[in-house]
$ cat run38.csv   # CSV, C-alpha atoms and all ligand atoms
chain,number,residue,atom,x,y,z
A,1,MET,CA,12.3,76.0,-74.7
A,2,ILE,CA,9.1,76.3,-76.5
A,3,ALA,CA,9.7,77.6,-80.1
A,4,GLN,CA,8.0,80.9,-80.7
A,5,GLY,CA,5.9,81.6,-83.8
A,6,VAL,CA,5.4,78.0,-84.9
A,7,GLN,CA,2.1,77.5,-86.8
A,8,HIS,CA,0.9,74.1,-85.7
A,9,GLU,CA,-1.2,72.1,-88.0
A,10,LEU,CA,-4.9,71.9,-87.1
A,11,LEU,CA,-5.5,68.2,-86.3
A,12,LEU,CA,-9.2,67.7,-86.5
A,13,ALA,CA,-11.0,64.6,-85.4
A,14,ARG,CA,-11.8,62.3,-88.4
A,15,ARG,CA,-15.6,62.7,-87.8
A,16,MET,CA,-15.4,66.4,-88.7
A,17,SER,CA,-14.9,65.4,-92.4
A,18,ARG,CA,-18.3,63.7,-92.3
A,19,LEU,CA,-20.2,66.8,-91.0
A,20,GLY,CA,-22.4,68.5,-93.5
A,21,THR,CA,-24.0,71.9,-93.4
A,22,GLU,CA,-27.1,74.0,-94.0
A,23,THR,CA,-26.3,75.8,-97.2
A,24,ALA,CA,-28.9,78.5,-96.5
A,25,PHE,CA,-26.5,80.2,-94.2
A,26,GLU,CA,-23.7,80.1,-96.8
A,27,VAL,CA,-26.0,81.6,-99.5
A,28,LEU,CA,-27.1,84.3,-97.0
A,29,ASN,CA,-23.4,85.2,-96.5
A,30,LYS,CA,-22.8,85.4,-100.2
A,31,ALA,CA,-25.9,87.5,-100.7
A,32,ARG,CA,-24.9,89.9,-98.0
A,33,GLU,CA,-21.4,90.2,-99.6
A,34,LEU,CA,-23.1,91.2,-102.9
A,35,GLU,CA,-25.2,93.7,-101.0
A,36,ARG,CA,-22.1,95.2,-99.5
A,37,GLN,CA,-20.8,95.7,-103.1
A,38,GLY,CA,-24.0,97.7,-103.8
A,39,LYS,CA,-26.1,95.0,-105.5
A,40,SER,CA,-29.8,94.6,-104.7
A,41,VAL,CA,-30.7,91.1,-103.5
A,42,ILE,CA,-34.1,89.7,-102.6
A,43,HIS,CA,-33.7,87.1,-99.9
A,44,LEU,CA,-35.7,84.0,-100.6
A,45,GLU,CA,-33.0,81.6,-99.3
A,46,ILE,CA,-33.5,81.6,-95.6
A,47,GLY,CA,-36.2,79.5,-93.8
A,48,GLU,CA,-37.6,81.7,-91.2
A,49,PRO,CA,-40.8,83.6,-90.8
A,50,ASP,CA,-40.5,87.3,-91.7
A,51,PHE,CA,-43.1,88.2,-89.0
A,52,ASP,CA,-42.4,89.5,-85.6
A,53,THR,CA,-42.8,87.2,-82.6
A,54,PRO,CA,-46.4,87.8,-81.4
A,55,ALA,CA,-46.5,90.7,-78.9
A,56,ASN,CA,-47.9,88.7,-76.0
A,57,VAL,CA,-44.9,86.3,-76.3
A,58,VAL,CA,-42.4,89.1,-76.4
A,59,GLU,CA,-44.0,90.7,-73.3
A,60,ALA,CA,-43.9,87.4,-71.5
A,61,GLY,CA,-40.1,87.2,-72.3
A,62,ILE,CA,-39.5,90.7,-71.1
A,63,ASP,CA,-41.5,90.1,-68.0
A,64,ALA,CA,-39.6,87.0,-67.3
A,65,LEU,CA,-36.3,88.8,-67.6
A,66,ARG,CA,-37.5,91.5,-65.2
A,67,LYS,CA,-38.7,88.9,-62.7
A,68,GLY,CA,-35.3,87.2,-62.7
A,69,TRP,CA,-35.7,84.2,-64.9
A,70,THR,CA,-32.1,84.7,-65.8
A,71,HIS,CA,-30.6,81.6,-64.2
A,72,TYR,CA,-30.1,78.0,-65.0
A,73,SER,CA,-33.2,75.9,-65.3
A,74,PRO,CA,-33.3,72.1,-65.0
A,75,SER,CA,-31.7,70.5,-68.0
A,76,ALA,CA,-34.9,69.0,-69.3
A,77,GLY,CA,-36.7,72.3,-69.0
A,78,LEU,CA,-38.8,74.3,-66.5
A,79,PRO,CA,-41.6,72.1,-65.0
A,80,GLU,CA,-44.2,74.7,-66.1
A,81,LEU,CA,-43.2,74.5,-69.7
A,82,ARG,CA,-42.8,70.8,-69.8
A,83,LYS,CA,-46.3,70.6,-68.4
A,84,ALA,CA,-47.6,73.1,-71.0
A,85,ILE,CA,-46.0,71.1,-73.8
A,86,ALA,CA,-47.3,67.8,-72.5
A,87,GLU,CA,-50.8,69.3,-72.5
A,88,TYR,CA,-50.4,70.8,-75.9
A,89,VAL,CA,-49.1,67.6,-77.5
A,90,SER,CA,-51.8,65.5,-75.7
A,91,ARG,CA,-54.4,67.8,-77.1
A,92,THR,CA,-53.1,68.2,-80.7
A,93,ARG,CA,-52.0,64.6,-81.2
A,94,GLY,CA,-54.8,62.9,-79.2
A,95,VAL,CA,-52.3,60.9,-77.1
A,96,GLU,CA,-51.5,60.9,-73.4
A,97,VAL,CA,-48.2,62.6,-72.8
A,98,SER,CA,-46.7,63.4,-69.4
A,99,PRO,CA,-44.2,66.1,-68.6
A,100,ASP,CA,-41.4,63.6,-67.9
A,101,GLU,CA,-41.7,62.6,-71.6
A,102,VAL,CA,-40.8,66.1,-72.7
A,103,VAL,CA,-37.2,67.5,-73.1
A,104,VAL,CA,-36.9,71.2,-73.9
A,105,VAL,CA,-33.9,72.2,-75.9
A,106,PRO,CA,-32.6,75.3,-77.7
A,107,GLY,CA,-34.4,74.9,-81.0
A,108,GLY,CA,-35.7,71.8,-82.9
A,109,LYS,CA,-32.2,71.0,-84.3
A,110,PRO,CA,-30.7,69.7,-81.0
A,111,ILE,CA,-33.3,67.0,-80.9
A,112,MET,CA,-31.9,65.7,-84.2
A,113,PHE,CA,-28.4,65.9,-82.9
A,114,PHE,CA,-29.1,64.3,-79.6
A,115,THR,CA,-31.3,61.6,-81.1
A,116,MET,CA,-28.5,60.5,-83.4
A,117,LEU,CA,-25.9,60.7,-80.6
A,118,ALA,CA,-28.1,58.7,-78.2
A,119,LEU,CA,-29.3,56.0,-80.6
A,120,ILE,CA,-27.0,55.5,-83.6
A,121,ASP,CA,-23.8,53.5,-83.4
A,122,GLU,CA,-21.4,52.9,-86.3
A,123,GLY,CA,-23.0,50.9,-89.0
A,124,TYR,CA,-26.6,51.4,-87.9
A,125,GLU,CA,-28.9,52.5,-90.7
A,126,VAL,CA,-31.1,55.6,-90.6
A,127,ILE,CA,-33.7,56.1,-93.4
A,128,TYR,CA,-34.4,59.8,-94.1
A,129,PRO,CA,-36.3,61.8,-96.7
A,130,ASN,CA,-34.3,63.1,-99.7
A,131,PRO,CA,-34.7,65.9,-100.7
A,132,GLY,CA,-34.9,66.8,-97.0
A,133,PHE,CA,-33.6,69.0,-94.2
A,134,PRO,CA,-29.8,68.7,-94.7
A,135,ILE,CA,-29.0,68.3,-91.0
A,136,TYR,CA,-30.5,64.8,-90.9
A,137,GLU,CA,-27.9,63.4,-93.4
A,138,SER,CA,-25.2,65.4,-91.8
A,139,MET,CA,-25.8,64.1,-88.3
A,140,ILE,CA,-26.3,60.5,-89.4
A,141,ASN,CA,-22.9,60.6,-91.1
A,142,TYR,CA,-21.3,62.5,-88.3
A,143,VAL,CA,-22.1,59.8,-85.7
A,144,GLY,CA,-20.9,57.1,-88.1
A,145,GLY,CA,-24.3,55.7,-89.1
A,146,LYS,CA,-25.3,54.7,-92.6
A,147,ALA,CA,-27.6,57.3,-94.2
A,148,VAL,CA,-30.2,55.6,-96.3
A,149,PRO,CA,-32.2,58.1,-98.4
A,150,ILE,CA,-35.7,57.6,-99.5
A,151,GLN,CA,-36.5,59.7,-102.5
A,152,LEU,CA,-39.5,62.0,-102.4
A,153,ARG,CA,-41.0,62.3,-105.8
A,154,GLU,CA,-42.8,65.2,-107.4
A,155,GLU,CA,-45.4,63.0,-109.1
A,156,ARG,CA,-46.5,62.0,-105.6
A,157,ASP,CA,-46.6,65.7,-104.5
A,158,PHE,CA,-43.4,64.8,-102.5
A,159,ALA,CA,-45.2,62.5,-100.1
A,160,MET,CA,-43.0,59.4,-99.3
A,161,ASP,CA,-43.9,56.3,-101.3
A,162,VAL,CA,-44.3,53.7,-98.6
A,163,ASP,CA,-43.8,50.9,-101.1
A,164,GLU,CA,-40.3,52.3,-101.6
A,165,LEU,CA,-39.7,52.4,-97.9
A,166,VAL,CA,-40.4,48.8,-97.2
A,167,PRO,CA,-37.3,47.3,-99.0
A,168,LEU,CA,-35.1,49.9,-97.4
A,169,ILE,CA,-35.8,48.5,-93.9
A,170,THR,CA,-33.2,46.0,-92.8
A,171,GLU,CA,-32.0,44.3,-89.6
A,172,ARG,CA,-29.7,47.2,-89.1
A,173,THR,CA,-32.3,50.0,-89.4
A,174,ARG,CA,-32.5,51.8,-86.1
A,175,LEU,CA,-34.4,55.0,-87.0
A,176,ILE,CA,-36.7,56.3,-89.7
A,177,ILE,CA,-37.1,60.1,-90.1
A,178,LEU,CA,-40.4,61.5,-91.2
A,179,ASN,CA,-41.0,65.2,-91.8
A,180,SER,CA,-44.5,66.6,-92.6
A,181,PRO,CA,-45.2,69.3,-93.7
A,182,GLN,CA,-41.8,69.0,-95.4
A,183,ASN,CA,-38.8,71.2,-95.9
A,184,PRO,CA,-37.9,71.8,-98.7
A,185,THR,CA,-40.8,70.5,-100.8
A,186,GLY,CA,-43.9,71.5,-98.8
A,187,GLY,CA,-45.1,67.9,-99.1
A,188,VAL,CA,-47.5,66.4,-96.5
A,189,LEU,CA,-47.7,62.8,-95.6
A,190,PRO,CA,-51.4,61.9,-95.5
A,191,ARG,CA,-52.8,59.9,-92.6
A,192,LYS,CA,-53.2,56.7,-94.7
A,193,ASP,CA,-49.5,56.8,-95.6
A,194,VAL,CA,-48.5,57.5,-92.0
A,195,GLU,CA,-50.4,54.4,-91.0
A,196,ARG,CA,-48.7,52.4,-93.7
A,197,VAL,CA,-45.3,53.5,-92.5
A,198,ALA,CA,-46.3,52.2,-89.0
A,199,ARG,CA,-47.4,48.9,-90.6
A,200,ALA,CA,-44.2,48.7,-92.5
A,201,ILE,CA,-42.3,49.0,-89.2
A,202,GLY,CA,-44.6,46.4,-87.6
A,203,GLU,CA,-43.3,44.9,-84.4
A,204,ARG,CA,-39.7,45.8,-85.2
A,205,ASN,CA,-37.7,47.7,-82.6
A,206,ILE,CA,-37.2,50.7,-84.9
A,207,LEU,CA,-37.7,54.3,-83.7
A,208,VAL,CA,-39.2,57.1,-85.7
A,209,LEU,CA,-38.0,60.7,-85.5
A,210,SER,CA,-41.1,62.6,-86.5
A,211,ASP,CA,-40.2,66.2,-87.4
A,212,GLU,CA,-43.4,68.1,-87.0
A,213,ILE,CA,-41.9,71.5,-86.7
A,214,TYR,CA,-44.3,72.8,-89.5
A,215,SER,CA,-47.4,71.0,-88.2
A,216,ARG,CA,-49.2,74.3,-87.6
A,217,LEU,CA,-48.4,75.5,-91.1
A,218,GLN,CA,-50.4,72.9,-93.0
A,219,PHE,CA,-52.7,74.5,-95.5
A,220,GLU,CA,-55.4,71.8,-95.7
A,221,GLY,CA,-56.6,69.0,-93.4
A,222,GLU,CA,-55.4,68.1,-90.0
A,223,PRO,CA,-51.8,67.0,-89.5
A,224,PHE,CA,-51.5,63.3,-88.4
A,225,SER,CA,-48.6,62.2,-86.3
A,226,ILE,CA,-47.3,58.6,-86.4
A,227,MET,CA,-47.4,59.0,-82.6
A,228,GLN,CA,-51.2,58.7,-82.9
A,229,VAL,CA,-51.0,55.2,-84.4
A,230,PRO,CA,-51.8,52.6,-81.8
A,231,GLY,CA,-48.5,51.0,-80.6
A,232,MET,CA,-46.3,53.7,-82.0
A,233,GLN,CA,-46.1,56.3,-79.2
A,234,ASP,CA,-43.3,54.5,-77.5
A,235,ARG,CA,-41.3,54.2,-80.7
A,236,THR,CA,-41.8,57.9,-81.7
A,237,ILE,CA,-39.6,60.8,-81.0
A,238,LEU,CA,-41.7,63.9,-81.8
A,239,LEU,CA,-39.7,66.9,-82.7
A,240,ASP,CA,-41.6,70.2,-82.5
A,241,GLY,CA,-40.9,73.7,-81.4
A,242,PHE,CA,-41.6,77.4,-81.5
A,243,SER,CA,-39.3,78.7,-84.3
A,244,LYS,CA,-41.7,78.4,-87.2
A,245,THR,CA,-45.1,78.4,-85.5
A,246,TYR,CA,-44.5,81.5,-83.4
A,247,ALA,CA,-41.8,83.2,-85.5
A,248,MET,CA,-39.3,82.6,-82.7
A,249,THR,CA,-36.2,81.4,-84.6
A,250,GLY,CA,-33.8,83.6,-82.7
A,251,TRP,CA,-35.1,82.8,-79.2
A,252,ARG,CA,-33.8,79.2,-79.6
A,253,ILE,CA,-36.4,76.9,-78.2
A,254,GLY,CA,-37.8,73.6,-79.3
A,255,TYR,CA,-38.6,70.2,-77.8
A,256,GLY,CA,-38.7,66.5,-78.1
A,257,VAL,CA,-41.4,64.2,-76.8
A,258,MET,CA,-40.4,60.6,-76.3
A,259,ARG,CA,-40.6,57.6,-73.9
A,260,LYS,CA,-39.4,58.5,-70.5
A,261,ASP,CA,-36.3,56.4,-70.4
A,262,LEU,CA,-35.1,58.0,-73.6
A,263,ALA,CA,-36.0,61.5,-72.3
A,264,THR,CA,-33.6,60.8,-69.4
A,265,GLN,CA,-30.8,60.0,-71.8
A,266,ILE,CA,-31.5,63.1,-74.0
A,267,THR,CA,-31.5,65.1,-70.8
A,268,ARG,CA,-28.0,63.8,-70.0
A,269,LEU,CA,-26.9,65.1,-73.4
A,270,MET,CA,-28.4,68.5,-72.6
A,271,THR,CA,-26.5,68.5,-69.3
A,272,ASN,CA,-23.3,67.8,-71.1
A,273,SER,CA,-23.8,70.4,-73.8
A,274,ASN,CA,-26.1,73.4,-73.1
A,275,SER,CA,-26.9,72.8,-69.5
A,276,CYS,CA,-30.4,74.1,-70.2
A,277,THR,CA,-32.4,76.3,-72.5
A,278,ALA,CA,-32.5,80.0,-71.5
A,279,SER,CA,-35.0,80.3,-68.7
A,280,PHE,CA,-36.7,83.6,-69.9
A,281,THR,CA,-37.1,82.0,-73.4
A,282,GLN,CA,-38.9,79.1,-71.7
A,283,MET,CA,-41.2,81.4,-69.9
A,284,ALA,CA,-42.1,83.0,-73.2
A,285,GLY,CA,-42.7,79.5,-74.5
A,286,VAL,CA,-45.3,78.9,-71.9
A,287,GLU,CA,-47.2,82.1,-73.0
A,288,ALA,CA,-46.8,81.0,-76.7
A,289,LEU,CA,-48.6,77.7,-76.0
A,290,ARG,CA,-51.2,78.9,-73.6
A,291,GLY,CA,-51.9,82.5,-74.8
A,292,ASP,CA,-53.8,83.9,-77.8
A,293,GLN,CA,-53.2,81.7,-80.9
A,294,SER,CA,-54.6,84.1,-83.5
A,295,ALA,CA,-51.2,85.1,-84.9
A,296,VAL,CA,-50.5,81.5,-85.9
A,297,GLY,CA,-53.6,81.2,-88.1
A,298,ARG,CA,-52.8,84.6,-89.6
A,299,MET,CA,-49.2,83.6,-90.5
A,300,CYS,CA,-50.3,80.3,-92.0
A,301,ALA,CA,-53.0,82.0,-94.2
A,302,GLU,CA,-50.4,84.5,-95.3
A,303,PHE,CA,-47.9,81.8,-96.2
A,304,GLN,CA,-50.5,80.0,-98.2
A,305,HIS,CA,-51.5,83.1,-100.1
A,306,ARG,CA,-47.9,84.0,-100.9
A,307,SER,CA,-47.2,80.4,-102.0
A,308,GLU,CA,-50.2,80.5,-104.4
A,309,VAL,CA,-49.0,83.8,-105.9
A,310,PHE,CA,-45.4,82.7,-106.2
A,311,VAL,CA,-46.2,79.3,-107.6
A,312,ALA,CA,-48.6,80.9,-110.2
A,313,GLY,CA,-45.8,83.4,-111.1
A,314,LEU,CA,-43.2,80.7,-111.5
A,315,ASN,CA,-45.4,78.7,-113.7
A,316,ARG,CA,-45.5,81.6,-116.1
A,317,ILE,CA,-41.7,81.7,-116.4
A,318,LYS,CA,-40.0,79.8,-119.1
A,319,GLY,CA,-38.4,76.5,-117.9
A,320,PHE,CA,-40.1,76.6,-114.5
A,321,SER,CA,-42.9,74.3,-113.4
A,322,CYS,CA,-44.1,74.2,-109.8
A,323,HIS,CA,-46.7,72.4,-107.7
A,324,MET,CA,-48.5,74.2,-104.9
A,325,PRO,CA,-47.0,73.1,-101.6
A,326,LYS,CA,-49.3,71.7,-98.9
A,327,GLY,CA,-47.7,73.4,-96.0
A,328,ALA,CA,-44.6,75.2,-94.6
A,329,PHE,CA,-43.3,78.3,-96.4
A,330,TYR,CA,-41.3,77.0,-99.3
A,331,VAL,CA,-41.9,76.5,-103.0
A,332,PHE,CA,-39.9,73.9,-104.9
A,333,PRO,CA,-40.1,74.3,-108.6
A,334,ASN,CA,-38.8,71.8,-111.2
A,335,ILE,CA,-36.3,73.6,-113.3
A,336,THR,CA,-35.1,70.7,-115.6
A,337,ALA,CA,-36.8,72.4,-118.6
A,338,THR,CA,-34.3,75.3,-118.3
A,339,GLY,CA,-31.5,73.0,-119.3
A,340,TRP,CA,-29.6,74.1,-116.3
A,341,LYS,CA,-28.4,72.2,-113.2
A,342,SER,CA,-29.7,73.4,-109.9
A,343,LYS,CA,-26.6,74.8,-108.4
A,344,PRO,CA,-25.4,76.9,-111.4
A,345,LEU,CA,-28.9,78.1,-111.8
A,346,ALA,CA,-29.2,79.2,-108.1
A,347,ASP,CA,-25.8,80.9,-108.5
A,348,ALA,CA,-26.8,82.7,-111.7
A,349,LEU,CA,-30.0,83.9,-110.2
A,350,LEU,CA,-28.2,85.3,-107.2
A,351,GLU,CA,-25.3,86.9,-109.1
A,352,GLN,CA,-27.2,88.0,-112.3
A,353,ALA,CA,-30.8,88.5,-111.3
A,354,GLY,CA,-30.4,89.5,-107.6
A,355,VAL,CA,-32.6,86.7,-106.2
A,356,ALA,CA,-31.2,84.4,-103.5
A,357,ALA,CA,-32.7,80.9,-103.7
A,358,LEU,CA,-31.2,77.5,-102.7
A,359,SER,CA,-30.2,74.7,-105.1
A,360,GLY,CA,-32.4,71.6,-104.6
A,361,THR,CA,-29.1,69.7,-104.1
A,362,ALA,CA,-28.6,71.6,-100.8
A,363,PHE,CA,-31.3,69.1,-99.6
A,364,GLY,CA,-29.6,66.0,-101.0
A,365,GLN,CA,-28.9,64.2,-104.2
A,366,PHE,CA,-32.5,63.9,-105.2
A,367,GLY,CA,-33.0,67.6,-105.1
A,368,GLU,CA,-31.2,67.9,-108.4
A,369,GLY,CA,-33.6,69.5,-110.9
A,370,TYR,CA,-35.2,71.8,-108.3
A,371,LEU,CA,-34.8,75.1,-106.6
A,372,ARG,CA,-36.1,76.1,-103.2
A,373,PHE,CA,-37.6,79.6,-102.6
A,374,SER,CA,-38.7,80.7,-99.2
A,375,VAL,CA,-41.9,82.8,-99.3
A,376,ALA,CA,-41.1,84.3,-95.9
A,377,ASN,CA,-40.8,87.7,-97.5
A,378,SER,CA,-43.2,90.5,-98.4
A,379,MET,CA,-45.6,90.1,-101.3
A,380,GLU,CA,-43.9,93.2,-102.8
A,381,ASN,CA,-40.5,91.5,-102.7
A,382,LEU,CA,-42.0,88.2,-104.0
A,383,GLU,CA,-43.5,90.0,-107.0
A,384,LYS,CA,-40.2,91.8,-107.6
A,385,ALA,CA,-38.3,88.5,-107.5
A,386,LEU,CA,-40.7,87.0,-110.0
A,387,GLN,CA,-40.1,89.9,-112.4
A,388,ARG,CA,-36.3,89.5,-112.0
A,389,ILE,CA,-36.4,85.8,-112.6
A,390,ASP,CA,-38.7,86.2,-115.6
A,391,GLN,CA,-36.4,88.8,-117.1
A,392,TRP,CA,-33.3,86.7,-116.5
A,393,ALA,CA,-35.1,83.6,-118.1
A,394,LYS,CA,-36.0,85.7,-121.2
A,395,GLN,CA,-32.4,86.8,-121.6
A,396,ASN,CA,-30.7,83.5,-120.8
A,397,LEU,CA,-32.9,80.6,-121.8
A,401,LIG,C1,-37.6,70.4,-91.1
A,401,LIG,C2,-37.0,71.3,-90.0
A,401,LIG,N1,-36.8,70.7,-88.8
A,401,LIG,C3,-36.2,71.5,-87.9
A,401,LIG,C4,-35.8,72.7,-88.1
A,401,LIG,C5,-35.0,73.4,-87.0
A,401,LIG,O1,-35.6,74.5,-86.4
A,401,LIG,P1,-35.0,75.3,-85.2
A,401,LIG,O2,-34.6,76.6,-85.7
A,401,LIG,O3,-36.0,75.3,-84.1
A,401,LIG,O4,-33.8,74.6,-84.7
A,401,LIG,C6,-35.9,73.3,-89.3
A,401,LIG,C7,-35.4,74.7,-89.6
A,401,LIG,O5,-35.3,75.1,-90.7
A,401,LIG,C8,-36.6,72.6,-90.3
A,401,LIG,O6,-36.8,73.1,-91.6
$ encode --input "run38.csv" --output "structure tokens"
Amino acid sequence: MIAQGVQHELLLARRMSRLGTETAFEVLNKARELERQGKSVIHLEIGEPDFDTPANVVEAGIDALRKGWTHYSPSAGLPELRKAIAEYVSRTRGVEVSPDEVVVVPGGKPIMFFTMLALIDEGYEVIYPNPGFPIYESMINYVGGKAVPIQLREERDFAMDVDELVPLITERTRLIILNSPQNPTGGVLPRKDVERVARAIGERNILVLSDEIYSRLQFEGEPFSIMQVPGMQDRTILLDGFSKTYAMTGWRIGYGVMRKDLATQITRLMTNSNSCTASFTQMAGVEALRGDQSAVGRMCAEFQHRSEVFVAGLNRIKGFSCHMPKGAFYVFPNITATGWKSKPLADALLEQAGVAALSGTAFGQFGEGYLRFSVANSMENLEKALQRIDQWAKQNL
């Protein structure tokens, strides 16, 4: 007899206790709850463009649905899209990339997940930027690797200090993560520093996960990928995608570019998890890469303009001081002069001022002393948020 109504304990795998999260989604939920209670909240927490996906891309997606692109595709992606990505990466990074070095996945994130699963065994070390995108640390810990943070410092405009990187590299280092332009700081790693990172790696068998998802949202100068450094292409896993560049976060499409033998392994992980990325989404991706690019430039210019306005506004508020980011759509003010810690300040701004931002600590221990605001919101809302923060600061600081 099986006893009825017994509530069995949930026995989770140990590794689940090591999994982190992306706080943006939690803050979003909290903000929505406040809105349900009738409070007004300006959403500067979530990292996604507020623009619509460009019309030509939407049309290509609809057309693909009508034409029956509604079935499985090969796990690594449709040949047409892999070819378009290979051409795009070859053109933008000045390296020779072939379609069999491309794996299409549902968003940029799965490339992080799959890279760690494929490369990192227990005890291997992964060096990653901190403050940085929280999923890096989460995934390193999840697979049992050792997460080795490299602190990004405000006085260097949040560009990694390569002199600090060198002593972190050990016999057990398997992977170094780079991200430029960077989330959450808007920092950019200049070409000379990228080259110095490559020199620091030297002949070692260390791979680099180069997260270039914001590469088309760099305000000045050309982005420079470590893939472009002679000798580094085979040791680079380039992560890029469509979410930020083409305002396609909800379509779920991204890709990795890597040596062919690794691409085969990452494809096996795709077969074991998602099977493939949605076929009509991939067809829209072909149009995104090959079609009119004017929307990208417009969005980038707008993000730069909004960042300038928001940074200037924050710098007028008591206790806040902020550098102009060099790319992406985040501003990352120093709030130490408020006398508040980051998390309580973010909570107070949400609950008392109606402005949703993220604590710098959502991006790791070295994010203490900072907040992250996304400027992917209208200028009107950004101005309103500045007024609310200013008023709150006048009353509380
Ligand atoms: C640095 C960085 N890499 C990757 C991603 C993942 O993007 P996607 O939505 O394509 O998975 C994000 C999204 O916020 C990001 O900030």
$ residues_near_ligand --input "run38.csv" --ligand "ligand LIG 401 (chain A)" --cutoff "6 Å" --atoms "all atoms listed in the file" --output "list of chain:residue names"
A:Gly47, A:Gly107, A:Gly108, A:Lys109, A:Phe133, A:Asn183, A:Asp211, A:Ile213, A:Gly241, A:Ser243, A:Thr249, A:Gly254
$ write_last_selection --input "run38.csv" --atoms "C-alpha atoms" --output "mmCIF file, keeping the file's coordinate frame"
data_model
loop_
_atom_site.group_PDB
_atom_site.id
_atom_site.type_symbol
_atom_site.label_atom_id
_atom_site.label_comp_id
_atom_site.auth_asym_id
_atom_site.auth_seq_id
_atom_site.Cartn_x
_atom_site.Cartn_y
_atom_site.Cartn_z
ATOM 1 C CA GLY A 47 -36.200 79.500 -93.800
ATOM 2 C CA GLY A 107 -34.400 74.900 -81.000
ATOM 3 C CA GLY A 108 -35.700 71.800 -82.900
ATOM 4 C CA LYS A 109 -32.200 71.000 -84.300
ATOM 5 C CA PHE A 133 -33.600 69.000 -94.200
ATOM 6 C CA ASN A 183 -38.800 71.200 -95.900
ATOM 7 C CA ASP A 211 -40.200 66.200 -87.400
ATOM 8 C CA ILE A 213 -41.900 71.500 -86.700
ATOM 9 C CA GLY A 241 -40.900 73.700 -81.400
ATOM 10 C CA SER A 243 -39.300 78.700 -84.300
ATOM 11 C CA THR A 249 -36.200 81.400 -84.600
ATOM 12 C CA GLY A 254 -37.800 73.600 -79.300
#
$ closest_residue --input "run38.csv" --among "A:Leu168, A:Ile135, A:Ala76, A:Ile127" --to "A:Glu22" --atoms "all atoms listed in the file"
A:Ile135
$ closest_residue --input "run38.csv" --among "A:Thr245, A:Ser210, A:Ser180, A:Thr173" --to "A:Glu122" --atoms "all atoms listed in the file"
A:Thr173
$ atom_distance --input "run38.csv" --atom1 "atom CA of A:Pro344" --atom2 "atom CA of A:Asp390"
16.8 Å
$ residues_around --input "run38.csv" --residues "A:Val166" --least-positions-apart "2" --cutoff "9 Å" --atoms "all atoms listed in the file" --output "list in words"
Val162, Asp163, Glu164, Leu168, Ile169, Thr170, Val197, Ala200 and Ile201 of chain A
$ residues_around --input "run38.csv" --residues "stretch 294-310 of chain A" --least-positions-apart "3" --cutoff "9 Å" --atoms "only C-alpha atoms" --output "number ranges by chain"
A: 49, 51, 53-54, 216-219, 245-247, 313-315, 324-331, 374-379, 382-383, 386
$ residues_around --input "run38.csv" --residues "A:Arg15" --least-positions-apart "5" --cutoff "12 Å" --atoms "all atoms listed in the file" --output "compact mmCIF listing (two decimals) with C-alpha atoms, keeping the file's coordinate frame"
# COMPACT_ATOMS: atom_id res chain seq x y z
CA GLY A 20 -22.40 68.50 -93.50
CA GLU A 122 -21.40 52.90 -86.30
CA SER A 138 -25.20 65.40 -91.80
CA MET A 139 -25.80 64.10 -88.30
CA ILE A 140 -26.30 60.50 -89.40
CA ASN A 141 -22.90 60.60 -91.10
CA TYR A 142 -21.30 62.50 -88.30
CA VAL A 143 -22.10 59.80 -85.70
CA GLY A 144 -20.90 57.10 -88.10
CA GLY A 145 -24.30 55.70 -89.10
$ closest_residue --input "run38.csv" --among "A:Asn130, A:Trp340, A:Lys30, A:Arg204" --to "A:Arg153" --atoms "all atoms listed in the file"
A:Asn130
